[in-house]
Amino acid sequence: MTSYKSKLRVHYGYAFEDALIDEICLVAKHKVIAAEQAVINFEDTIQYMPLLLKGSIKVLRVDEQGNEVFLYYLEKGDTCAMSLTCCLGNKKSEIIALSEEESELLLIPVKYLNEWLCVYTSWKNFIFNSYNARLEELLTVIDSLAFMNMDKRLLKYLQDKSMVLGTLELEITHQNIAQELNSSREVVSRLLKKMESKNIIKLSRNKITILNL
């Protein structure tokens with residue numbers, strides 16, 4: 001408990017008082033998830049709200065045909081507003097959440113979410129601020145879909161992924177990118193080659209090295 005309690009203080013101490021941190025440590029389930037593993041699947045019944053202590057998670061919107069669109073990343077100190085909505089509304093998940101790298105989570109049982117809203121002002125503020133942050137990110141997604149050309153969307157996608165992972169070398173296939181941007185592999189490959197010709201990136205097998213963003 002000591003190790004993840006200290007991480008909880010580091011990443012959430014700005015938001016939570018000591019009493020709430022102590023209570024979280026008493027009731028939360030600690031979990032470590034390997035890279036590229038599902039944290040939440042489409043149509044899961046969500047029983048826990050995640051607090052991210054280490055790593056990063058990408059959140060994707062998915063439809064019944066399995067088409068995916070990338071929405072946003074979660075980093076240390078975040079939670080997922082989509083999972084909050086499902087928890088509080090007793091709804092099945094409409095998203096997929098995948099670990100980008102090995103990630104460490106604290107999973108808070110649903111029954112405590114409402115209880116703490118009445119007990120801890122810091123918890124209520126954290127929930128509202130999380131909703132607001134995710135809403136702003138979703139508006140950015142809508143703007144990019146509505147107003148950005150595919151080449152700009154692709155560039156922003158690479159920028160965001162590089163920033164979250166803290167590396168200029170991205171291990172990802174053209175097909176994976178196409179799925180997350182709801183495009184075709186051929187379009188993505190053509191645009192990546194165009195970016196390479198401008199010395200923005202360097203392409204190699206299942207890897208993109210960012211040279212100039």
# chains A, B, ... in the order shown; residues from 1 in each chain; ligands from 1

$ residues_around --residues "region 196-211 of chain A" --least-positions-apart "5" --cutoff "12 Å" --atoms "only C-alpha atoms" --output "PDB file with N, CA and C atoms, in the first residue's frame"
ATOM      1  N   LEU A 154      -3.484  14.152 -38.838  1.00  0.00           N
ATOM      2  CA  LEU A 154      -2.417  13.171 -38.667  1.00  0.00           C
ATOM      3  C   LEU A 154      -1.241  13.774 -37.915  1.00  0.00           C
ATOM      4  N   LEU A 155      -0.876  14.991 -38.267  1.00  0.00           N
ATOM      5  CA  LEU A 155       0.227  15.666 -37.586  1.00  0.00           C
ATOM      6  C   LEU A 155      -0.093  15.870 -36.106  1.00  0.00           C
ATOM      7  N   LEU A 158       0.218  12.575 -34.183  1.00  0.00           N
ATOM      8  CA  LEU A 158       1.603  12.213 -33.890  1.00  0.00           C
ATOM      9  C   LEU A 158       2.178  13.092 -32.776  1.00  0.00           C
ATOM     10  N   GLN A 159       1.851  14.373 -32.804  1.00  0.00           N
ATOM     11  CA  GLN A 159       2.315  15.290 -31.757  1.00  0.00           C
ATOM     12  C   GLN A 159       1.798  14.856 -30.384  1.00  0.00           C
ATOM     13  N   ASP A 160       0.503  14.577 -30.316  1.00  0.00           N
ATOM     14  CA  ASP A 160      -0.105  14.190 -29.040  1.00  0.00           C
ATOM     15  C   ASP A 160       0.473  12.879 -28.531  1.00  0.00           C
ATOM     16  N   LYS A 161       0.634  11.926 -29.415  1.00  0.00           N
ATOM     17  CA  LYS A 161       1.157  10.614 -29.020  1.00  0.00           C
ATOM     18  C   LYS A 161       2.595  10.735 -28.533  1.00  0.00           C
ATOM     19  N   SER A 162       3.399  11.519 -29.221  1.00  0.00           N
ATOM     20  CA  SER A 162       4.792  11.729 -28.827  1.00  0.00           C
ATOM     21  C   SER A 162       4.876  12.396 -27.460  1.00  0.00           C
ATOM     22  N   MET A 163       4.019  13.385 -27.221  1.00  0.00           N
ATOM     23  CA  MET A 163       4.039  14.114 -25.958  1.00  0.00           C
ATOM     24  C   MET A 163       3.645  13.198 -24.794  1.00  0.00           C
ATOM     25  N   GLY A 166       6.362  10.578 -24.269  1.00  0.00           N
ATOM     26  CA  GLY A 166       7.667  11.148 -23.944  1.00  0.00           C
ATOM     27  C   GLY A 166       8.787  10.605 -24.802  1.00  0.00           C
ATOM     28  N   THR A 167       8.489  10.344 -26.075  1.00  0.00           N
ATOM     29  CA  THR A 167       9.500   9.810 -26.982  1.00  0.00           C
ATOM     30  C   THR A 167       9.237  10.300 -28.400  1.00  0.00           C
ATOM     31  N   LEU A 168      10.301  10.394 -29.192  1.00  0.00           N
ATOM     32  CA  LEU A 168      10.168  10.775 -30.600  1.00  0.00           C
ATOM     33  C   LEU A 168      10.090   9.557 -31.508  1.00  0.00           C
ATOM     34  N   GLU A 169      10.252   8.361 -30.928  1.00  0.00           N
ATOM     35  CA  GLU A 169      10.160   7.125 -31.704  1.00  0.00           C
ATOM     36  C   GLU A 169       8.865   6.406 -31.348  1.00  0.00           C
ATOM     37  N   LEU A 170       7.952   6.387 -32.291  1.00  0.00           N
ATOM     38  CA  LEU A 170       6.635   5.802 -32.071  1.00  0.00           C
ATOM     39  C   LEU A 170       6.544   4.446 -32.761  1.00  0.00           C
ATOM     40  N   GLU A 171       6.301   3.411 -31.997  1.00  0.00           N
ATOM     41  CA  GLU A 171       6.142   2.071 -32.570  1.00  0.00           C
ATOM     42  C   GLU A 171       4.659   1.849 -32.862  1.00  0.00           C
ATOM     43  N   ILE A 172       4.298   2.021 -34.110  1.00  0.00           N
ATOM     44  CA  ILE A 172       2.893   1.928 -34.507  1.00  0.00           C
ATOM     45  C   ILE A 172       2.817   1.662 -35.999  1.00  0.00           C
ATOM     46  N   THR A 173       1.811   0.927 -36.419  1.00  0.00           N
ATOM     47  CA  THR A 173       1.638   0.623 -37.843  1.00  0.00           C
ATOM     48  C   THR A 173       0.728   1.663 -38.498  1.00  0.00           C
ATOM     49  N   HIS A 174       0.844   1.751 -39.809  1.00  0.00           N
ATOM     50  CA  HIS A 174      -0.022   2.656 -40.557  1.00  0.00           C
ATOM     51  C   HIS A 174      -1.480   2.247 -40.393  1.00  0.00           C
ATOM     52  N   GLN A 175      -1.732   0.939 -40.301  1.00  0.00           N
ATOM     53  CA  GLN A 175      -3.098   0.443 -40.137  1.00  0.00           C
ATOM     54  C   GLN A 175      -3.679   0.874 -38.802  1.00  0.00           C
ATOM     55  N   ASN A 176      -2.880   0.824 -37.736  1.00  0.00           N
ATOM     56  CA  ASN A 176      -3.348   1.263 -36.423  1.00  0.00           C
ATOM     57  C   ASN A 176      -3.733   2.736 -36.439  1.00  0.00           C
ATOM     58  N   ILE A 177      -2.887   3.547 -37.069  1.00  0.00           N
ATOM     59  CA  ILE A 177      -3.182   4.982 -37.155  1.00  0.00           C
ATOM     60  C   ILE A 177      -4.486   5.202 -37.919  1.00  0.00           C
ATOM     61  N   SER A 189      -0.718   6.175 -45.231  1.00  0.00           N
ATOM     62  CA  SER A 189       0.623   5.885 -45.761  1.00  0.00           C
ATOM     63  C   SER A 189       1.075   6.982 -46.717  1.00  0.00           C
ATOM     64  N   ARG A 190       0.158   7.446 -47.561  1.00  0.00           N
ATOM     65  CA  ARG A 190       0.509   8.506 -48.522  1.00  0.00           C
ATOM     66  C   ARG A 190       0.891   9.789 -47.786  1.00  0.00           C
ATOM     67  N   LEU A 191       0.124  10.154 -46.772  1.00  0.00           N
ATOM     68  CA  LEU A 191       0.410  11.379 -46.029  1.00  0.00           C
ATOM     69  C   LEU A 191       1.696  11.260 -45.218  1.00  0.00           C
TER      70      LEU A 191
END

$ residues_around --residues "region 21-30 of chain A" --least-positions-apart "4" --cutoff "10 Å" --atoms "only C-alpha atoms" --output "number ranges by chain"
A: 1-2, 4-6, 8-9, 12-13, 15-17, 48-51, 53, 104-109, 112, 116

$ write_last_selection --atoms "C-alpha atoms" --output "PDB file, in the first residue's frame"
ATOM      1  CA  MET A   1       0.000   0.000   0.000  1.00  0.00           C
ATOM      2  CA  THR A   2       2.829   2.373   0.854  1.00  0.00           C
ATOM      3  CA  TYR A   4       0.948   3.388  -4.435  1.00  0.00           C
ATOM      4  CA  LYS A   5      -0.223   5.632  -1.593  1.00  0.00           C
ATOM      5  CA  SER A   6       2.860   7.784  -2.167  1.00  0.00           C
ATOM      6  CA  LEU A   8      -1.487   8.838  -5.120  1.00  0.00           C
ATOM      7  CA  ARG A   9      -0.206  11.749  -3.025  1.00  0.00           C
ATOM      8  CA  TYR A  12      -3.596  13.571  -6.816  1.00  0.00           C
ATOM      9  CA  GLY A  13      -2.427  15.366  -3.674  1.00  0.00           C
ATOM     10  CA  ALA A  15      -6.793  17.731  -5.491  1.00  0.00           C
ATOM     11  CA  PHE A  16      -7.454  15.454  -2.501  1.00  0.00           C
ATOM     12  CA  GLU A  17      -7.026  16.012   1.218  1.00  0.00           C
ATOM     13  CA  TYR A  48     -14.836   0.816 -11.020  1.00  0.00           C
ATOM     14  CA  MET A  49     -13.638   4.351 -11.685  1.00  0.00           C
ATOM     15  CA  PRO A  50      -9.928   4.468 -12.581  1.00  0.00           C
ATOM     16  CA  LEU A  51      -7.286   6.795 -11.153  1.00  0.00           C
ATOM     17  CA  LEU A  53      -0.843   6.508 -11.185  1.00  0.00           C
ATOM     18  CA  GLU A 104      -0.709   1.456 -12.942  1.00  0.00           C
ATOM     19  CA  LEU A 105      -4.242   2.142 -11.762  1.00  0.00           C
ATOM     20  CA  LEU A 106      -6.322   2.447  -8.644  1.00  0.00           C
ATOM     21  CA  LEU A 107      -9.870   1.233  -9.301  1.00  0.00           C
ATOM     22  CA  ILE A 108     -12.525   2.787  -7.053  1.00  0.00           C
ATOM     23  CA  PRO A 109     -15.778   0.800  -6.614  1.00  0.00           C
ATOM     24  CA  TYR A 112     -18.165   5.272  -3.324  1.00  0.00           C
ATOM     25  CA  TRP A 116     -17.844  10.938  -1.541  1.00  0.00           C
TER      26      TRP A 116
END

$ select_by_dssp --residues "region 37-184 of chain A" --states "strand (DSSP E or B)" --output "PyMOL selection string"
chain A and resi 38-40+45+48-54+57-62+68-74+92+95-99+103-109+169-170

$ residues_around --residues "Thr45 (chain A)" --least-positions-apart "6" --cutoff "7 Å" --atoms "only C-alpha atoms" --output "list in words"
Lys91, Lys92 and Ser93 of chain A

$ residues_around --residues "Asp143 (chain A)" --least-positions-apart "5" --cutoff "12 Å" --atoms "only C-alpha atoms" --output "list of chain:residue names"
A:Leu71, A:Glu136, A:Glu137, A:Leu138, A:Met148, A:Asn149, A:Lys152, A:Arg153

$ closest_residue --among "A:Leu145, A:Cys86, A:Ala34, A:Ala81" --to "Asn129 (chain A)" --atoms "only C-alpha atoms"
A:Ala81

$ select_by_dssp --residues "region 2-209 of chain A" --states "helix (DSSP H, G or I)" --output "PyMOL selection string"
chain A and resi 2-12+18-27+81-89+111-119+121-147+150-165+174-180+185-197

$ residues_around --residues "Leu117 (chain A)" --least-positions-apart "5" --cutoff "12 Å" --atoms "only C-alpha atoms" --output "MDAnalysis selection string"
chainID A and resid 20 88 111:112 122:128

$ atom_distance --atom1 "CA of Val39 (chain A)" --atom2 "CA of Ala178 (chain A)"
21.5 Å

$ atom_distance --atom1 "CA of Glu75 (chain A)" --atom2 "CA of Ile40 (chain A)"
15.5 Å

$ closest_residue --among "A:Leu192, A:Ile96, A:Leu135, A:Val119" --to "Ala19 (chain A)" --atoms "only C-alpha atoms"
A:Val119

$ atom_distance --atom1 "CA of Tyr131 (chain A)" --atom2 "CA of Ser83 (chain A)"
10.6 Å

$ residues_around --residues "Asn67 (chain A)" --least-positions-apart "6" --cutoff "10 Å" --atoms "only C-alpha atoms" --output "list in words"
Leu60, Arg61, Gln179, Glu180, Leu181 and Asn182 of chain A
